[in-house]
Each structure stands twice: as structure tokens, then as C-alpha cells.
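Structure file query.cif (mmCIF, C-alpha atoms) is printed below.
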```
data_input
loop_
_atom_site.group_PDB
_atom_site.id
_atom_site.type_symbol
_atom_site.label_atom_id
_atom_site.label_comp_id
_atom_site.auth_asym_id
_atom_site.auth_seq_id
_atom_site.Cartn_x
_atom_site.Cartn_y
_atom_site.Cartn_z
ATOM 1 C CA MET A 1 38.656 80.468 81.004
ATOM 2 C CA SER A 2 41.018 83.032 79.543
ATOM 3 C CA ILE A 3 41.072 84.588 76.122
ATOM 4 C CA ALA A 4 44.163 85.458 74.120
ATOM 5 C CA LEU A 5 42.803 88.652 72.581
ATOM 6 C CA VAL A 6 43.355 92.339 73.213
ATOM 7 C CA LEU A 7 40.349 94.400 72.138
ATOM 8 C CA GLY A 8 40.543 97.906 70.809
ATOM 9 C CA GLY A 9 38.848 100.442 68.580
ATOM 10 C CA ALA A 10 35.526 102.241 68.688
ATOM 11 C CA PRO A 11 32.603 100.591 70.488
ATOM 12 C CA ALA A 12 30.188 98.673 68.317
ATOM 13 C CA VAL A 13 26.658 100.001 67.896
ATOM 14 C CA SER A 14 24.362 98.080 70.223
ATOM 15 C CA ALA A 15 22.217 95.497 68.462
ATOM 16 C CA SER A 16 20.018 92.630 69.552
ATOM 17 C CA PRO A 17 20.347 90.036 66.790
ATOM 18 C CA THR A 18 17.253 88.021 66.021
ATOM 19 C CA THR A 19 17.905 84.465 67.177
ATOM 20 C CA THR A 20 16.163 81.156 66.667
ATOM 21 C CA GLN A 21 16.559 78.020 68.767
ATOM 22 C CA SER A 22 15.840 74.366 68.098
ATOM 23 C CA ASN A 23 17.026 71.098 69.680
ATOM 24 C CA GLY A 24 19.906 72.701 71.581
ATOM 25 C CA ASN A 25 21.037 74.872 68.637
ATOM 26 C CA THR A 26 20.966 78.669 68.397
ATOM 27 C CA SER A 27 21.187 80.800 65.253
ATOM 28 C CA THR A 28 21.483 84.518 64.564
ATOM 29 C CA VAL A 29 21.350 86.594 61.417
ATOM 30 C CA ALA A 30 24.927 87.678 60.653
ATOM 31 C CA ARG A 31 25.488 91.405 61.174
ATOM 32 C CA THR A 32 27.849 94.225 60.399
ATOM 33 C CA LEU A 33 29.843 95.960 63.113
ATOM 34 C CA ASP A 34 27.191 98.705 63.276
ATOM 35 C CA GLY A 35 24.414 96.158 63.788
ATOM 36 C CA ARG A 36 22.824 95.878 60.345
ATOM 37 C CA ALA A 37 21.632 92.437 59.261
ATOM 38 C CA ILE A 38 23.536 91.096 56.252
ATOM 39 C CA THR A 39 20.477 90.453 54.126
ATOM 40 C CA ASN A 40 21.576 91.363 50.604
ATOM 41 C CA ASP A 41 24.556 91.425 48.265
ATOM 42 C CA ARG A 42 25.185 95.133 48.819
ATOM 43 C CA ILE A 43 25.722 94.745 52.561
ATOM 44 C CA ALA A 44 27.772 91.566 52.057
ATOM 45 C CA LYS A 45 29.992 93.521 49.659
ATOM 46 C CA GLU A 46 30.465 96.205 52.325
ATOM 47 C CA VAL A 47 31.703 93.550 54.751
ATOM 48 C CA ALA A 48 34.130 92.134 52.195
ATOM 49 C CA GLU A 49 35.439 95.649 51.492
ATOM 50 C CA PHE A 50 35.853 96.298 55.231
ATOM 51 C CA TRP A 51 38.454 93.535 55.318
ATOM 52 C CA THR A 52 41.369 95.359 53.759
ATOM 53 C CA PRO A 53 44.776 93.629 53.728
ATOM 54 C CA GLU A 54 45.781 95.882 56.618
ATOM 55 C CA ARG A 55 42.815 94.878 58.773
ATOM 56 C CA MET A 56 43.313 91.209 57.990
ATOM 57 C CA ALA A 57 46.995 91.437 58.893
ATOM 58 C CA SER A 58 46.227 93.103 62.230
ATOM 59 C CA ALA A 59 43.472 90.663 63.278
ATOM 60 C CA VAL A 60 44.331 88.897 66.530
ATOM 61 C CA ASP A 61 44.325 85.092 66.578
ATOM 62 C CA LEU A 62 41.465 84.016 68.826
ATOM 63 C CA THR A 63 42.094 81.080 71.166
ATOM 64 C CA PHE A 64 40.626 79.872 74.429
ATOM 65 C CA ALA A 65 42.983 78.191 76.873
ATOM 66 C CA ARG A 66 42.292 74.999 78.777
ATOM 67 C CA PRO A 67 41.880 75.873 82.481
ATOM 68 C CA GLY A 68 44.095 74.645 85.265
ATOM 69 C CA GLY A 69 47.316 74.196 83.304
ATOM 70 C CA GLY A 70 45.993 71.268 81.325
ATOM 71 C CA ALA A 71 44.091 69.456 84.056
ATOM 72 C CA VAL A 72 41.881 66.641 82.821
ATOM 73 C CA GLU A 73 38.166 67.320 83.103
ATOM 74 C CA SER A 74 36.559 64.346 84.853
ATOM 75 C CA PRO A 75 33.144 63.388 83.511
ATOM 76 C CA ALA A 76 30.345 62.357 85.840
ATOM 77 C CA LEU A 77 29.582 59.474 83.523
ATOM 78 C CA ALA A 78 31.794 57.539 81.162
ATOM 79 C CA PRO A 79 31.681 59.141 77.708
ATOM 80 C CA LYS A 80 30.165 57.198 74.868
ATOM 81 C CA PRO A 81 28.805 57.726 71.361
ATOM 82 C CA THR A 82 25.241 59.006 71.457
ATOM 83 C CA GLY A 83 24.000 56.992 68.502
ATOM 84 C CA PRO A 84 25.060 55.014 65.444
ATOM 85 C CA ALA A 85 27.990 56.208 63.360
ATOM 86 C CA GLY A 86 27.060 58.413 60.419
ATOM 87 C CA ALA A 87 28.835 60.238 57.611
ATOM 88 C CA VAL A 88 28.423 62.792 54.829
ATOM 89 C CA ALA A 89 30.738 62.364 51.824
ATOM 90 C CA PRO A 90 33.113 65.137 50.658
ATOM 91 C CA MET A 91 32.145 67.221 47.619
ATOM 92 C CA ALA A 92 34.306 68.389 44.730
ATOM 93 C CA PRO A 93 33.979 71.965 43.428
ATOM 94 C CA ARG A 94 31.775 72.662 40.427
ATOM 95 C CA ILE A 95 34.151 75.271 39.025
ATOM 96 C CA ALA A 96 36.575 73.864 36.463
ATOM 97 C CA GLY A 97 40.218 74.656 37.068
ATOM 98 C CA THR A 98 40.148 75.453 40.798
ATOM 99 C CA ASP A 99 42.621 72.639 41.359
ATOM 100 C CA ASP A 100 45.033 74.445 39.028
ATOM 101 C CA VAL A 101 45.805 76.926 41.811
ATOM 102 C CA ARG A 102 49.123 75.677 43.104
ATOM 103 C CA THR A 103 48.892 74.152 46.585
ATOM 104 C CA MET A 104 51.390 72.835 49.076
ATOM 105 C CA VAL A 105 51.494 69.333 50.501
ATOM 106 C CA ASN A 106 48.785 68.938 53.144
ATOM 107 C CA GLU A 107 47.079 72.183 52.134
ATOM 108 C CA SER A 108 43.365 72.059 51.378
ATOM 109 C CA LEU A 109 41.294 74.369 49.182
ATOM 110 C CA ALA A 110 38.405 73.734 51.577
ATOM 111 C CA VAL A 111 40.288 75.126 54.618
ATOM 112 C CA GLY A 112 40.728 78.842 55.190
ATOM 113 C CA LYS A 113 40.852 81.713 57.642
ATOM 114 C CA VAL A 114 37.831 83.450 59.088
ATOM 115 C CA TYR A 115 37.868 87.100 60.127
ATOM 116 C CA PHE A 116 35.370 88.891 62.343
ATOM 117 C CA THR A 117 34.905 91.881 64.611
ATOM 118 C CA VAL A 118 34.348 91.432 68.326
ATOM 119 C CA PRO A 119 32.467 93.567 70.883
ATOM 120 C CA GLY A 120 34.468 96.754 71.358
ATOM 121 C CA GLY A 121 35.462 96.935 67.698
ATOM 122 C CA GLY A 122 38.567 94.742 67.711
ATOM 123 C CA THR A 123 39.325 92.350 64.857
ATOM 124 C CA ALA A 124 40.106 88.660 65.252
ATOM 125 C CA SER A 125 40.640 85.505 63.222
ATOM 126 C CA CYS A 126 40.240 81.725 63.426
ATOM 127 C CA SER A 127 40.508 78.741 61.106
ATOM 128 C CA ALA A 128 37.555 77.008 59.425
ATOM 129 C CA SER A 129 36.578 74.699 56.575
ATOM 130 C CA THR A 130 33.694 74.055 54.233
ATOM 131 C CA VAL A 131 31.516 71.020 54.944
ATOM 132 C CA ALA A 132 29.478 69.184 52.309
ATOM 133 C CA SER A 133 25.706 69.637 52.230
ATOM 134 C CA GLY A 134 22.939 69.710 49.674
ATOM 135 C CA LYS A 135 22.706 73.517 49.677
ATOM 136 C CA ARG A 136 26.509 73.864 49.503
ATOM 137 C CA ARG A 137 26.783 76.915 51.787
ATOM 138 C CA LEU A 138 28.161 75.652 55.120
ATOM 139 C CA VAL A 139 31.467 76.535 56.805
ATOM 140 C CA MET A 140 32.396 74.702 60.027
ATOM 141 C CA THR A 141 34.501 76.160 62.837
ATOM 142 C CA ALA A 142 34.609 76.322 66.643
ATOM 143 C CA GLY A 143 31.740 77.790 68.648
ATOM 144 C CA HIS A 144 34.101 80.353 70.156
ATOM 145 C CA CYS A 145 34.838 81.598 66.633
ATOM 146 C CA VAL A 146 31.210 82.718 66.165
ATOM 147 C CA HIS A 147 30.141 83.618 69.741
ATOM 148 C CA GLY A 148 31.952 84.605 72.930
ATOM 149 C CA GLY A 149 30.344 81.909 75.088
ATOM 150 C CA ALA A 150 28.745 82.446 78.500
ATOM 151 C CA GLY A 151 28.320 86.186 79.058
ATOM 152 C CA GLY A 152 29.527 86.910 75.529
ATOM 153 C CA GLN A 153 27.986 88.027 72.262
ATOM 154 C CA TRP A 154 27.828 87.047 68.610
ATOM 155 C CA TYR A 155 30.675 88.317 66.441
ATOM 156 C CA SER A 156 30.106 90.556 63.408
ATOM 157 C CA ASN A 157 31.590 91.232 59.939
ATOM 158 C CA TRP A 158 32.174 87.477 59.623
ATOM 159 C CA GLN A 159 33.948 86.352 56.458
ATOM 160 C CA PHE A 160 35.712 83.198 55.228
ATOM 161 C CA VAL A 161 38.789 83.224 52.971
ATOM 162 C CA PRO A 162 39.407 79.747 51.536
ATOM 163 C CA ARG A 163 43.026 78.693 51.135
ATOM 164 C CA TYR A 164 44.322 82.055 52.314
ATOM 165 C CA ARG A 165 48.097 82.229 52.050
ATOM 166 C CA ASN A 166 50.402 85.153 52.847
ATOM 167 C CA GLY A 167 47.817 87.781 52.010
ATOM 168 C CA ALA A 168 46.590 86.051 48.845
ATOM 169 C CA ARG A 169 42.887 85.275 48.428
ATOM 170 C CA PRO A 170 42.893 82.992 45.356
ATOM 171 C CA PHE A 171 39.149 82.303 45.509
ATOM 172 C CA GLY A 172 38.042 85.624 46.979
ATOM 173 C CA THR A 173 36.014 85.993 50.169
ATOM 174 C CA PHE A 174 32.632 84.769 51.388
ATOM 175 C CA VAL A 175 30.499 86.671 53.906
ATOM 176 C CA ALA A 176 28.209 84.897 56.397
ATOM 177 C CA SER A 177 24.431 85.271 56.286
ATOM 178 C CA SER A 178 23.881 83.458 59.603
ATOM 179 C CA LEU A 179 25.960 82.144 62.495
ATOM 180 C CA ASN A 180 25.010 78.972 64.382
ATOM 181 C CA THR A 181 26.302 77.187 67.458
ATOM 182 C CA ARG A 182 25.148 74.961 70.292
ATOM 183 C CA SER A 183 23.099 76.621 73.005
ATOM 184 C CA ALA A 184 25.309 74.937 75.641
ATOM 185 C CA TRP A 185 28.280 76.882 74.254
ATOM 186 C CA ILE A 186 26.381 80.182 74.437
ATOM 187 C CA ASN A 187 24.975 79.558 77.917
ATOM 188 C CA ASN A 188 27.765 77.625 79.645
ATOM 189 C CA SER A 189 30.909 77.816 77.464
ATOM 190 C CA SER A 190 30.779 74.027 77.298
ATOM 191 C CA TYR A 191 33.946 72.663 75.677
ATOM 192 C CA ALA A 192 32.031 69.580 74.575
ATOM 193 C CA GLU A 193 29.743 71.904 72.560
ATOM 194 C CA ASP A 194 32.411 74.286 71.200
ATOM 195 C CA MET A 195 31.245 73.891 67.598
ATOM 196 C CA GLY A 196 29.947 76.414 65.095
ATOM 197 C CA ILE A 197 28.629 76.538 61.542
ATOM 198 C CA ALA A 198 28.222 79.636 59.377
ATOM 199 C CA VAL A 199 25.844 79.789 56.421
ATOM 200 C CA MET A 200 27.533 81.758 53.639
ATOM 201 C CA ASN A 201 26.237 84.192 51.052
ATOM 202 C CA ASN A 202 27.256 83.735 47.433
ATOM 203 C CA GLY A 203 30.601 85.393 46.843
ATOM 204 C CA GLY A 204 34.210 84.713 46.054
ATOM 205 C CA SER A 205 35.898 85.208 42.710
ATOM 206 C CA TYR A 206 32.951 83.764 40.752
ATOM 207 C CA GLY A 207 29.977 85.078 42.729
ATOM 208 C CA LEU A 208 28.871 81.523 43.518
ATOM 209 C CA LYS A 209 28.293 79.315 46.543
ATOM 210 C CA VAL A 210 31.374 78.524 48.603
ATOM 211 C CA VAL A 211 31.199 74.733 48.111
ATOM 212 C CA ASP A 212 30.650 75.163 44.369
ATOM 213 C CA THR A 213 33.870 77.204 44.359
ATOM 214 C CA VAL A 214 36.266 75.149 46.520
ATOM 215 C CA GLY A 215 34.487 71.879 47.281
ATOM 216 C CA ALA A 216 34.006 70.616 50.822
ATOM 217 C CA HIS A 217 35.120 68.087 53.388
ATOM 218 C CA GLY A 218 32.762 65.369 54.488
ATOM 219 C CA LEU A 219 31.541 64.930 58.051
ATOM 220 C CA ARG A 220 31.558 62.013 60.507
ATOM 221 C CA TRP A 221 29.955 61.579 63.915
ATOM 222 C CA ASN A 222 29.868 58.826 66.552
ATOM 223 C CA TYR A 223 33.047 57.284 65.146
ATOM 224 C CA GLY A 224 34.655 56.587 68.505
ATOM 225 C CA TYR A 225 37.274 58.428 70.531
ATOM 226 C CA THR A 226 40.439 56.885 69.114
ATOM 227 C CA VAL A 227 40.865 57.666 65.424
ATOM 228 C CA SER A 228 43.696 58.795 63.149
ATOM 229 C CA VAL A 229 43.346 62.411 62.023
ATOM 230 C CA THR A 230 45.090 65.206 60.143
ATOM 231 C CA ALA A 231 44.511 68.633 61.711
ATOM 232 C CA LEU A 232 44.765 71.695 59.455
ATOM 233 C CA GLY A 233 44.782 75.345 60.465
ATOM 234 C CA TYR A 234 46.539 78.702 60.580
ATOM 235 C CA PRO A 235 48.613 78.763 63.794
ATOM 236 C CA SER A 236 50.369 82.003 64.718
ATOM 237 C CA ASN A 237 53.335 80.096 66.153
ATOM 238 C CA LEU A 238 54.064 78.562 62.732
ATOM 239 C CA GLY A 239 54.317 80.966 59.836
ATOM 240 C CA GLY A 240 52.619 83.769 61.734
ATOM 241 C CA GLY A 241 49.179 82.445 60.828
ATOM 242 C CA GLU A 242 49.762 83.298 57.184
ATOM 243 C CA SER A 243 49.623 79.798 55.710
ATOM 244 C CA GLN A 244 48.165 76.387 56.472
ATOM 245 C CA TYR A 245 50.044 73.953 58.665
ATOM 246 C CA TYR A 246 49.148 70.440 59.684
ATOM 247 C CA CYS A 247 49.788 67.779 62.266
ATOM 248 C CA GLN A 248 48.804 64.126 62.294
ATOM 249 C CA GLY A 249 48.150 61.729 65.120
ATOM 250 C CA THR A 250 45.715 59.490 66.951
ATOM 251 C CA THR A 251 43.097 60.980 69.238
ATOM 252 C CA TRP A 252 42.092 59.876 72.722
ATOM 253 C CA ASN A 253 39.456 60.831 75.286
ATOM 254 C CA PRO A 254 40.783 63.137 78.055
ATOM 255 C CA GLY A 255 37.440 63.332 79.873
ATOM 256 C CA GLY A 256 33.903 64.300 78.963
ATOM 257 C CA GLN A 257 32.650 64.444 75.374
ATOM 258 C CA GLN A 258 36.009 65.643 74.040
ATOM 259 C CA ILE A 259 38.989 64.254 72.193
ATOM 260 C CA ARG A 260 42.666 65.219 72.435
ATOM 261 C CA MET A 261 45.692 64.884 70.174
ATOM 262 C CA TRP A 262 49.353 65.800 70.095
ATOM 263 C CA CYS A 263 49.988 68.867 67.938
ATOM 264 C CA ASN A 264 52.302 71.868 68.167
ATOM 265 C CA MET A 265 49.893 74.344 66.512
ATOM 266 C CA THR A 266 48.661 77.073 68.879
ATOM 267 C CA TYR A 267 46.757 80.360 68.568
ATOM 268 C CA GLY A 268 44.988 80.852 65.246
ATOM 269 C CA SER A 269 44.333 77.160 64.632
ATOM 270 C CA SER A 270 41.036 77.389 66.565
ATOM 271 C CA GLY A 271 38.176 76.085 64.454
ATOM 272 C CA GLY A 272 40.423 74.194 62.061
ATOM 273 C CA PRO A 273 39.226 70.707 61.080
ATOM 274 C CA TRP A 274 40.444 67.350 62.376
ATOM 275 C CA LEU A 275 40.104 65.152 59.312
ATOM 276 C CA GLN A 276 39.762 61.394 59.043
ATOM 277 C CA GLU A 277 41.080 59.862 55.820
ATOM 278 C CA TYR A 278 42.549 63.139 54.582
ATOM 279 C CA ASN A 279 43.661 62.674 50.959
ATOM 280 C CA ASP A 280 46.649 64.755 49.839
ATOM 281 C CA SER A 281 45.777 64.311 46.180
ATOM 282 C CA THR A 282 42.231 65.682 46.510
ATOM 283 C CA GLY A 283 42.623 67.949 49.562
ATOM 284 C CA TYR A 284 39.494 66.528 51.206
ATOM 285 C CA GLY A 285 38.668 64.286 54.150
ATOM 286 C CA PHE A 286 35.969 63.785 56.795
ATOM 287 C CA ILE A 287 35.699 66.356 59.602
ATOM 288 C CA ASN A 288 35.752 64.486 62.912
ATOM 289 C CA SER A 289 36.248 67.474 65.260
ATOM 290 C CA VAL A 290 37.549 71.045 65.267
ATOM 291 C CA VAL A 291 40.271 72.708 67.321
ATOM 292 C CA SER A 292 38.685 74.007 70.515
ATOM 293 C CA HIS A 293 41.350 74.786 73.114
ATOM 294 C CA GLY A 294 44.773 73.841 74.430
ATOM 295 C CA ASP A 295 47.207 74.437 77.243
ATOM 296 C CA ASN A 296 48.384 77.960 77.939
ATOM 297 C CA PRO A 297 51.255 77.995 77.290
ATOM 298 C CA GLY A 298 50.942 75.090 74.889
ATOM 299 C CA ASN A 299 52.602 71.778 75.653
ATOM 300 C CA GLY A 300 51.965 70.215 72.268
ATOM 301 C CA GLN A 301 48.371 69.079 72.852
ATOM 302 C CA PHE A 302 44.983 70.455 71.981
ATOM 303 C CA ASP A 303 41.373 69.361 72.384
ATOM 304 C CA GLY A 304 38.241 69.311 70.282
ATOM 305 C CA PRO A 305 34.599 68.456 70.899
ATOM 306 C CA TYR A 306 33.748 64.813 70.306
ATOM 307 C CA PHE A 307 31.446 64.766 67.283
ATOM 308 C CA ASP A 308 28.363 62.833 68.390
ATOM 309 C CA ASP A 309 24.679 63.395 67.623
ATOM 310 C CA ASP A 310 25.059 67.042 68.705
ATOM 311 C CA ILE A 311 27.142 67.966 65.662
ATOM 312 C CA LYS A 312 24.664 66.213 63.388
ATOM 313 C CA SER A 313 21.872 68.218 65.036
ATOM 314 C CA LEU A 314 23.751 71.490 64.501
ATOM 315 C CA TYR A 315 24.585 70.526 60.904
ATOM 316 C CA ASP A 316 20.946 69.674 60.121
ATOM 317 C CA PHE A 317 19.781 72.887 61.808
ATOM 318 C CA ALA A 318 22.163 75.098 59.815
ATOM 319 C CA GLU A 319 21.275 73.325 56.574
ATOM 320 C CA SER A 320 17.547 73.736 57.262
ATOM 321 C CA ILE A 321 17.795 77.537 57.551
ATOM 322 C CA SER A 322 20.233 77.880 54.652
ATOM 323 C CA PRO A 323 18.842 79.432 51.459
ATOM 324 C CA ALA A 324 18.531 77.068 48.507
#
```

What does the file become when written as C-alpha cells?
Amino acid sequence: MSIALVLGGAPAVSASPTTTQSNGNTSTVARTLDGRAITNDRIAKEVAEFWTPERMASAVDLTFARPGGGAVESPALAPKPTGPAGAVAPMAPRIAGTDDVRTMVNESLAVGKVYFTVPGGGTASCSASTVASGKRRLVMTAGHCVHGGAGGQWYSNWQFVPRYRNGARPFGTFVASSLNTRSAWINNSSYAEDMGIAVMNNGGSYGLKVVDTVGAHGLRWNYGYTVSVTALGYPSNLGGGESQYYCQGTTWNPGGQQIRMWCNMTYGSSGGPWLQEYNDSTGYGFINSVVSHGDNPGNGQFDGPYFDDDIKSLYDFAESISPA
């Protein structure tokens, strides 16, 4: 595994984040670069203020490359859904007038950029999206956008900027209160488990929950390996990672509990959603996977974890520890 990121800056203060584990999921309290737990509005505000336009512009797009020049990973057993198909419906925002903010075709209010600091003090970014839940605080991304995988650490100063475009933050920023991923990602860098969910503090332009502010995509799991999707994200090879781009296609299984699609988006699109039934008029769909990794250099394909019962477990886990 290789990582397209050059680290720099002062070393981070050593911290041992408190973690909890349940059913193959691991969670940590979100922290600042100097190791403080983000437990109140004052510290969350500090994180938001850390992310000046200059720091956001210099953040490196974080992407893991598929090993072996795109070789197919052969599973020991034939992949299959791990249970019955299930779904969570999308949610509209509760704030009147958010749809008045002018959008482009195939641009979603519920998709944005995430920014975080990495061990060593460098800054990095990924793509992410809100996902509907009763507590309305969840943001879904790739596991490698919250934790470095085997031998790595949790990231810090983690914030989400919905519908970021060319430096503009039309709905403000939201700072994470906890980061969550699959234990198999943390322990083994398992591509099939490269999924992450952040629980967000109140924030943004209205001081409210993130889903109340911009709405949220739905979620689907165990829907099969061949589905039509629209992928959204912030690729550095298209627009310099400064605006949303999309690609559409039909997925297939390349081996293991993963799916693959044709798409020319590269670095920076990591964590962006693959959406079934994406609706241009509403800007919402059903998340069916997230961008995990691709060829290095890219050949127009990338992979995502197949959303089976594991994503539902992670989703339920994150929702259970989310504040009301």
C-alpha cells in the first residue's frame, strides 16, 4: 500500500485517544492536533478557526493506491451479500431556503470536503457526505479518511464543509465529536472494510445539526454487486479539488467484498459517495459505497467496499454513540 501524501510541519503532541469497540467497529473521541478531546463548543470553534482558507488550500488530497498495478484481489470464497437488503431513506434539510443556494448539475448539498491533520502535523483532505439517521449528525467517508490503517493513527482537527466550492463555505463548517471505522481497517487495512463515519457537533452557518442544515443521502446495503451509481467527490485531477465532479456507471465485483466502476476521478475523491437513484432535482440518493482506492497512476477505475451487513453495523454503532 502506498499513500499519496507528503507530511510536514511540527510534530503532534502525543495522545492516546479513548476508544470503544463493539461488533467489529472502533470509535475514538475526536481530538485537536495537540491531543485535546473535542468535548465542547469552545474547542470545536478552535478547530473551525484553525482551518483558514490558506490551510484548506494547502491540504493534500489523501488517496490510497491499489497494489500491484491494478491486480485483481482473488477471494478465498465467492463474495455474496451477508443478509437481506436494507435501506434508510434520504432526509431533506429542516432549514428553509437552503436549496436557494445556487448549485450545479450533479452537485449535492449533502456532499462536501473533509479536512484533517495527520501525524507529523501535515494537513489533508478527502470527500464525504451526510447520511440520514434519527439523530441527524452522521457524515460518511472512507476508513482511510479517519484513520491511517494498520500501523497508523486516528486523524485530528476533523471538519466537514458541505458543498464546498472554490473556497466558498455556503453552509459553514462542522467539526467532528467522534470518528468511527471498522476494526478490520484499523488492524489490517482491509479494503473491504475501508469505511468511516464521523459524528458531528452542531455547527455551520446556523449552529445546528449537519443534517438539519443540508439534508442527507439515504443508505443501502446488501443490494448486490452490479448496480447503477453516480459517484460524487472532489478530485484533484478535475478542477484541482475545488468543486464537485461526478461520474456514472454500473459497478461489478473485482474480487472480495468490493465493487469497482469506471471513473476518471483520482486523488481527493476518496470517501465520496457512490449513490443509487441519485436525483438531480433534489441532490439526494442512496449511498451504496464510498471511494476507497484506485490504480496508481489511475486508469479510469476505482474501487469501494461492498456495503453489506458491516456498513449497517458501523452505521448503527455510530448512531448509538451520537448525542441526541

Kindly compute an axis-aligned box around the listed atoms of segment 224-235 of chain A, allowing 4 Å on each side, and express its centre and edge lengths in Å to one decimal as AutoDock Vina command-line options.
```
--center_x 41.6 --center_y 67.7 --center_z 65.0 --size_x 22.0 --size_y 30.2 --size_z 19.1
```

Run the PyMOL selection byres ((chain A and resi 169-185) around 8) mentally over the shown coordinates, then write out the matched residues as a VMD selection string, using the chain letters and numbers from the document.
chain A and resid 21 24 to 31 38 to 39 44 47 to 48 101 143 to 144 146 to 147 149 to 150 157 to 165 167 to 168 186 to 191 193 to 206 210 213 to 214 314 318

The PyMOL selection byres ((chain A and resi 264-270) around 8) resolved against shown file, as number ranges by chain:
A: 4, 61-63, 125-128, 141-142, 145, 232-238, 241, 245-247, 262-263, 271-272, 290-294, 298-301

Just give me the gap between atom CA of Lys80 of chain A and atom CA of Asn288 of chain A in Å, one decimal is fine.
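Distance between the two atoms: 15.1 Å.
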
Mind checking which residues fall within 6 Å of Val118 of chain A, counting only C-alpha atoms, ignoring those fewer than 3 positions away in the same chain, and posting them as a PDB file with C-alpha atoms, in the coordinates of the input?
```pdb
ATOM      1  CA  GLY A 121      35.462  96.935  67.698  1.00  0.00           C
ATOM      2  CA  GLY A 122      38.567  94.742  67.711  1.00  0.00           C
ATOM      3  CA  TYR A 155      30.675  88.317  66.441  1.00  0.00           C
TER       4      TYR A 155
END
```

Between atom CA of Thr250 of chain A and atom CA of Thr226 of chain A, what is the spacing in Å?
6.3 Å

Written as JSON, numbers by chain, which residues does the PyMOL selection byres ((chain A and resi 321-324) around 8) give for the file shown?
{"A": [135, 137, 199, 317, 318, 319, 320]}

Can you rebuild segment 174-181 of chain A with all heavy atoms and give it as a tab-separated table (two decimals), in the coordinates of the input?
```tsv
chain	number	residue	atom	x	y	z
A	174	PHE	N	34.05	85.10	51.23
A	174	PHE	CA	32.63	84.77	51.39
A	174	PHE	C	32.16	85.32	52.72
A	174	PHE	O	32.81	85.11	53.75
A	174	PHE	CB	32.42	83.25	51.33
A	174	PHE	CG	32.76	82.66	49.99
A	174	PHE	CD1	34.08	82.33	49.67
A	174	PHE	CD2	31.77	82.45	49.04
A	174	PHE	CE1	34.40	81.80	48.43
A	174	PHE	CE2	32.09	81.92	47.80
A	174	PHE	CZ	33.40	81.59	47.49
A	175	VAL	N	31.03	86.01	52.72
A	175	VAL	CA	30.50	86.67	53.91
A	175	VAL	C	29.32	85.87	54.45
A	175	VAL	O	28.46	85.40	53.69
A	175	VAL	CB	30.07	88.11	53.56
A	175	VAL	CG1	29.38	88.78	54.76
A	175	VAL	CG2	31.28	88.92	53.11
A	176	ALA	N	29.26	85.71	55.76
A	176	ALA	CA	28.21	84.90	56.40
A	176	ALA	C	26.85	85.58	56.34
A	176	ALA	O	26.75	86.81	56.45
A	176	ALA	CB	28.57	84.61	57.84
A	177	SER	N	25.81	84.77	56.16
A	177	SER	CA	24.43	85.27	56.29
A	177	SER	C	23.82	84.89	57.63
A	177	SER	O	22.90	85.55	58.11
A	177	SER	CB	23.56	84.74	55.15
A	177	SER	OG	23.44	83.33	55.20
A	178	SER	N	24.31	83.81	58.25
A	178	SER	CA	23.88	83.46	59.60
A	178	SER	C	25.01	82.74	60.31
A	178	SER	O	25.86	82.11	59.68
A	178	SER	CB	22.61	82.60	59.60
A	178	SER	OG	22.89	81.27	59.20
A	179	LEU	N	25.00	82.83	61.64
A	179	LEU	CA	25.96	82.14	62.50
A	179	LEU	C	25.19	81.21	63.41
A	179	LEU	O	24.14	81.58	63.95
A	179	LEU	CB	26.77	83.14	63.32
A	179	LEU	CG	27.54	84.20	62.54
A	179	LEU	CD1	28.22	85.18	63.50
A	179	LEU	CD2	28.57	83.57	61.61
A	180	ASN	N	25.73	80.01	63.64
A	180	ASN	CA	25.01	78.97	64.38
A	180	ASN	C	25.96	78.24	65.31
A	180	ASN	O	27.09	77.91	64.94
A	180	ASN	CB	24.40	77.97	63.40
A	180	ASN	CG	23.59	78.63	62.31
A	180	ASN	OD1	22.42	78.89	62.47
A	180	ASN	ND2	24.24	78.94	61.17
A	181	THR	N	25.50	77.97	66.52
A	181	THR	CA	26.30	77.19	67.46
A	181	THR	C	25.36	76.47	68.42
A	181	THR	O	24.15	76.62	68.37
A	181	THR	CB	27.31	78.07	68.21
A	181	THR	OG1	28.19	77.24	68.98
A	181	THR	CG2	26.62	79.04	69.15
```
